[in-house]
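Q: The structure file data-v3.txt (compact mmCIF, N, CA and C atoms) is provided below.
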# COMPACT_ATOMS: atom_id res chain seq x y z
N MET F 1 -5.40 5.36 10.15
CA MET F 1 -5.35 5.58 11.57
C MET F 1 -4.48 6.79 11.92
N MET F 2 -3.38 6.96 11.21
CA MET F 2 -2.54 8.11 11.51
C MET F 2 -3.22 9.40 11.06
N LYS F 3 -3.97 9.35 9.97
CA LYS F 3 -4.68 10.53 9.50
C LYS F 3 -5.74 10.98 10.50
N SER F 4 -6.36 10.03 11.17
CA SER F 4 -7.43 10.35 12.12
C SER F 4 -6.89 11.01 13.38
N GLY F 5 -5.57 10.93 13.60
CA GLY F 5 -4.97 11.51 14.78
C GLY F 5 -4.96 10.58 15.97
N GLU F 6 -5.38 9.34 15.75
CA GLU F 6 -5.40 8.37 16.83
C GLU F 6 -3.99 8.05 17.31
N PHE F 7 -3.02 8.07 16.38
CA PHE F 7 -1.63 7.81 16.72
C PHE F 7 -0.79 8.98 16.24
N ALA F 8 0.11 9.43 17.11
CA ALA F 8 0.96 10.56 16.76
C ALA F 8 2.26 10.11 16.11
N THR F 9 2.69 8.89 16.39
CA THR F 9 3.97 8.41 15.86
C THR F 9 3.83 7.01 15.28
N ILE F 10 4.81 6.66 14.50
CA ILE F 10 4.86 5.30 13.94
C ILE F 10 5.04 4.29 15.07
N THR F 11 5.79 4.66 16.08
CA THR F 11 6.01 3.77 17.22
C THR F 11 4.70 3.43 17.92
N GLU F 12 3.86 4.43 18.12
CA GLU F 12 2.56 4.19 18.75
C GLU F 12 1.69 3.26 17.91
N LEU F 13 1.70 3.48 16.61
CA LEU F 13 0.92 2.64 15.70
C LEU F 13 1.44 1.20 15.73
N ALA F 14 2.77 1.04 15.70
CA ALA F 14 3.37 -0.29 15.73
C ALA F 14 3.04 -1.02 17.03
N GLU F 15 3.10 -0.31 18.14
CA GLU F 15 2.78 -0.92 19.43
C GLU F 15 1.32 -1.39 19.46
N CYS F 16 0.43 -0.58 18.93
CA CYS F 16 -0.98 -0.96 18.88
C CYS F 16 -1.19 -2.21 18.04
N GLU F 17 -0.44 -2.32 16.92
CA GLU F 17 -0.56 -3.47 16.03
C GLU F 17 0.24 -4.68 16.53
N GLY F 18 1.07 -4.46 17.54
CA GLY F 18 1.85 -5.55 18.10
C GLY F 18 3.04 -5.95 17.26
N ILE F 19 3.61 -5.00 16.55
CA ILE F 19 4.79 -5.29 15.72
C ILE F 19 5.89 -4.29 16.07
N ALA F 20 7.11 -4.60 15.65
CA ALA F 20 8.25 -3.73 15.91
C ALA F 20 8.12 -2.44 15.09
N SER F 21 8.54 -1.35 15.67
CA SER F 21 8.45 -0.06 14.97
C SER F 21 9.34 -0.03 13.72
N SER F 22 10.48 -0.76 13.78
CA SER F 22 11.35 -0.80 12.59
C SER F 22 10.64 -1.50 11.43
N TYR F 23 9.88 -2.55 11.75
CA TYR F 23 9.11 -3.25 10.71
C TYR F 23 8.02 -2.34 10.16
N MET F 24 7.33 -1.61 11.03
CA MET F 24 6.29 -0.69 10.59
C MET F 24 6.88 0.39 9.68
N THR F 25 8.06 0.87 10.03
CA THR F 25 8.73 1.88 9.21
C THR F 25 9.03 1.32 7.82
N ARG F 26 9.54 0.08 7.75
CA ARG F 26 9.83 -0.54 6.44
C ARG F 26 8.57 -0.71 5.61
N VAL F 27 7.49 -1.13 6.26
CA VAL F 27 6.23 -1.32 5.54
C VAL F 27 5.74 0.02 4.98
N LEU F 28 5.82 1.06 5.78
CA LEU F 28 5.39 2.38 5.31
C LEU F 28 6.26 2.88 4.17
N ARG F 29 7.56 2.63 4.25
CA ARG F 29 8.46 3.02 3.14
C ARG F 29 8.11 2.27 1.86
N LEU F 30 7.86 0.98 1.99
CA LEU F 30 7.48 0.19 0.81
C LEU F 30 6.16 0.68 0.22
N THR F 31 5.24 1.06 1.10
CA THR F 31 3.96 1.60 0.62
C THR F 31 4.20 2.86 -0.20
N LEU F 32 5.05 3.75 0.30
CA LEU F 32 5.37 4.97 -0.43
C LEU F 32 6.09 4.65 -1.73
N ALA F 33 7.04 3.72 -1.69
CA ALA F 33 7.78 3.35 -2.90
C ALA F 33 6.84 2.76 -3.95
N ALA F 34 5.87 1.96 -3.52
CA ALA F 34 4.92 1.37 -4.47
C ALA F 34 4.10 2.47 -5.14
N TRP F 35 3.69 3.48 -4.37
CA TRP F 35 2.93 4.58 -4.95
C TRP F 35 3.78 5.35 -5.96
N GLN F 36 5.04 5.61 -5.61
CA GLN F 36 5.93 6.32 -6.53
C GLN F 36 6.16 5.51 -7.80
N HIS F 37 6.28 4.19 -7.66
CA HIS F 37 6.46 3.32 -8.82
C HIS F 37 5.24 3.40 -9.74
N GLU F 38 4.06 3.36 -9.15
CA GLU F 38 2.83 3.46 -9.95
C GLU F 38 2.75 4.80 -10.66
N TRP F 39 3.13 5.87 -9.98
CA TRP F 39 3.09 7.21 -10.57
C TRP F 39 4.06 7.28 -11.76
N LEU F 40 5.27 6.75 -11.56
CA LEU F 40 6.26 6.77 -12.63
C LEU F 40 5.81 5.92 -13.82
N ALA F 41 5.24 4.76 -13.54
CA ALA F 41 4.75 3.90 -14.62
C ALA F 41 3.66 4.61 -15.41
N ALA F 42 2.79 5.34 -14.73
CA ALA F 42 1.73 6.08 -15.42
C ALA F 42 2.33 7.16 -16.31
N LYS F 43 3.37 7.86 -15.83
CA LYS F 43 4.02 8.90 -16.62
C LYS F 43 4.69 8.31 -17.86
N VAL F 44 5.35 7.17 -17.69
CA VAL F 44 6.00 6.51 -18.84
C VAL F 44 4.94 6.09 -19.85
N ASN F 45 3.84 5.54 -19.37
CA ASN F 45 2.77 5.13 -20.27
C ASN F 45 2.19 6.33 -21.01
N ASP F 46 2.04 7.46 -20.32
CA ASP F 46 1.57 8.68 -20.98
C ASP F 46 2.52 9.11 -22.09
N PHE F 47 3.84 9.04 -21.81
CA PHE F 47 4.83 9.41 -22.81
C PHE F 47 4.75 8.48 -24.02
N HIS F 48 4.67 7.18 -23.77
CA HIS F 48 4.59 6.22 -24.87
C HIS F 48 3.33 6.45 -25.69
N ARG F 49 2.21 6.69 -25.03
CA ARG F 49 0.96 6.93 -25.73
C ARG F 49 1.07 8.18 -26.61
N ALA F 50 1.65 9.25 -26.07
CA ALA F 50 1.81 10.49 -26.84
C ALA F 50 2.75 10.26 -28.02
N PHE F 51 3.83 9.52 -27.79
CA PHE F 51 4.78 9.24 -28.87
C PHE F 51 4.12 8.43 -29.98
N LEU F 52 3.41 7.38 -29.59
CA LEU F 52 2.75 6.54 -30.59
C LEU F 52 1.67 7.30 -31.35
N ASN F 53 0.96 8.17 -30.67
CA ASN F 53 -0.03 9.00 -31.36
C ASN F 53 0.64 9.93 -32.37
N ARG F 54 1.78 10.48 -31.99
CA ARG F 54 2.51 11.37 -32.90
C ARG F 54 2.99 10.59 -34.13
N VAL F 55 3.53 9.41 -33.92
CA VAL F 55 4.00 8.59 -35.03
C VAL F 55 2.82 8.20 -35.93
N ARG F 56 1.71 7.82 -35.31
CA ARG F 56 0.53 7.44 -36.07
C ARG F 56 0.02 8.59 -36.93
N ASP F 57 0.13 9.80 -36.40
CA ASP F 57 -0.39 10.98 -37.12
C ASP F 57 0.53 11.49 -38.22
N LEU F 58 1.75 10.96 -38.28
CA LEU F 58 2.65 11.40 -39.34
C LEU F 58 2.07 11.04 -40.70
N ASP F 59 2.27 11.91 -41.62
CA ASP F 59 1.75 11.72 -42.97
C ASP F 59 2.53 10.60 -43.67
N ALA F 60 1.83 9.73 -44.35
CA ALA F 60 2.47 8.63 -45.08
C ALA F 60 3.44 9.16 -46.12
N ASP F 61 3.15 10.31 -46.70
CA ASP F 61 4.06 10.91 -47.68
C ASP F 61 5.40 11.26 -47.04
N GLU F 62 5.35 11.72 -45.79
CA GLU F 62 6.59 12.04 -45.08
C GLU F 62 7.43 10.78 -44.88
N TRP F 63 6.78 9.68 -44.55
CA TRP F 63 7.49 8.42 -44.38
C TRP F 63 8.15 8.01 -45.69
N GLN F 64 7.44 8.16 -46.79
CA GLN F 64 7.99 7.79 -48.10
C GLN F 64 9.19 8.68 -48.44
N LYS F 65 9.11 9.97 -48.13
CA LYS F 65 10.23 10.87 -48.39
C LYS F 65 11.45 10.47 -47.58
N GLU F 66 11.24 10.14 -46.31
CA GLU F 66 12.34 9.70 -45.46
C GLU F 66 12.95 8.41 -45.99
N ARG F 67 12.10 7.49 -46.40
CA ARG F 67 12.59 6.21 -46.92
C ARG F 67 13.38 6.42 -48.21
N ALA F 68 12.90 7.30 -49.08
CA ALA F 68 13.59 7.56 -50.33
C ALA F 68 14.92 8.27 -50.09
N ALA F 69 15.00 9.06 -49.03
CA ALA F 69 16.23 9.80 -48.73
C ALA F 69 17.32 8.89 -48.18
N GLY F 70 16.97 7.71 -47.72
CA GLY F 70 17.96 6.78 -47.18
C GLY F 70 18.00 6.83 -45.67
N ASP F 71 18.82 5.97 -45.10
CA ASP F 71 18.92 5.91 -43.64
C ASP F 71 20.05 6.80 -43.15
N ASP F 72 20.36 6.71 -41.86
CA ASP F 72 21.38 7.55 -41.25
C ASP F 72 22.78 7.26 -41.73
N THR F 73 23.00 6.13 -42.38
CA THR F 73 24.35 5.78 -42.83
C THR F 73 24.70 6.45 -44.14
N GLY F 74 23.73 7.16 -44.72
CA GLY F 74 23.99 7.84 -45.98
C GLY F 74 23.77 6.98 -47.19
N GLN F 75 23.38 5.75 -47.02
CA GLN F 75 23.12 4.87 -48.15
C GLN F 75 21.70 5.09 -48.64
N GLU F 76 21.53 5.01 -49.93
CA GLU F 76 20.19 5.16 -50.53
C GLU F 76 19.36 3.93 -50.21
N ALA F 77 18.10 4.15 -49.96
CA ALA F 77 17.19 3.04 -49.71
C ALA F 77 16.92 2.31 -51.02
N THR F 78 16.78 1.02 -50.94
CA THR F 78 16.49 0.23 -52.13
C THR F 78 15.01 -0.03 -52.21
N GLU F 79 14.50 -0.03 -53.40
CA GLU F 79 13.07 -0.33 -53.63
C GLU F 79 12.87 -1.82 -53.51
N SER F 80 11.81 -2.22 -52.83
CA SER F 80 11.51 -3.64 -52.69
C SER F 80 10.36 -4.03 -53.58
Here is a file; write its structure as structure tokens.

A:
Amino acid sequence: MMKSGEFATITELAECEGIASSYMTRVLRLTLAAWQHEWLAAKVNDFHRAFLNRVRDLDADEWQKERAAGDDTGQEATES
């Protein structure tokens, strides 16, 4: 309705809907926050997907070299 130009302000829209303008403002803020949350969640999922693809594409030989070299504590890895 606001995009169509029928209402110029949030107050006009709230009056038409029969609700307080402060409530309409909160609802609109929550709507925006929900969209931002969805956008952020999509970005995080993209990052995780890219990270997992990179890990999946690592050569098994590289993993074996890292394992043979030991962990970050400087201790040699033990063969199981």

Q: In Å, rounded to a single decimal, give me how far CA of Ile10 in chain F is from CA of Met24 in chain F.

A: 7.0 Å

Q: Give the alpha helix (DSSP H) residues of range 10-77 of chain F, as assigned by DSSP on the backbone, as a PyMOL selection string.

A: chain F and resi 10-17+21-57+60-69

Q: Mind pulling up the distance from atom N of Arg49 in chain F to atom C of Gln36 in chain F?

A: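 If I compute the distance from atom C of Gln36 in chain F to atom N of Arg49 in chain F, I get 17.7 Å.
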
Q: When distances are computed from only C-alpha atoms, which of F:Lys43, F:Lys65, F:Ala14, F:Ala50 shows the smallest separation from Leu28 in chain F?

A: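 Result for the nearest residue to Leu28 in chain F: F:Ala14.
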
Q: Work out how far CA of Phe47 in chain F is from CA of Arg67 in chain F, in Å to one decimal.

A: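 CA of Phe47 in chain F lies at a distance of 25.5 Å from CA of Arg67 in chain F.
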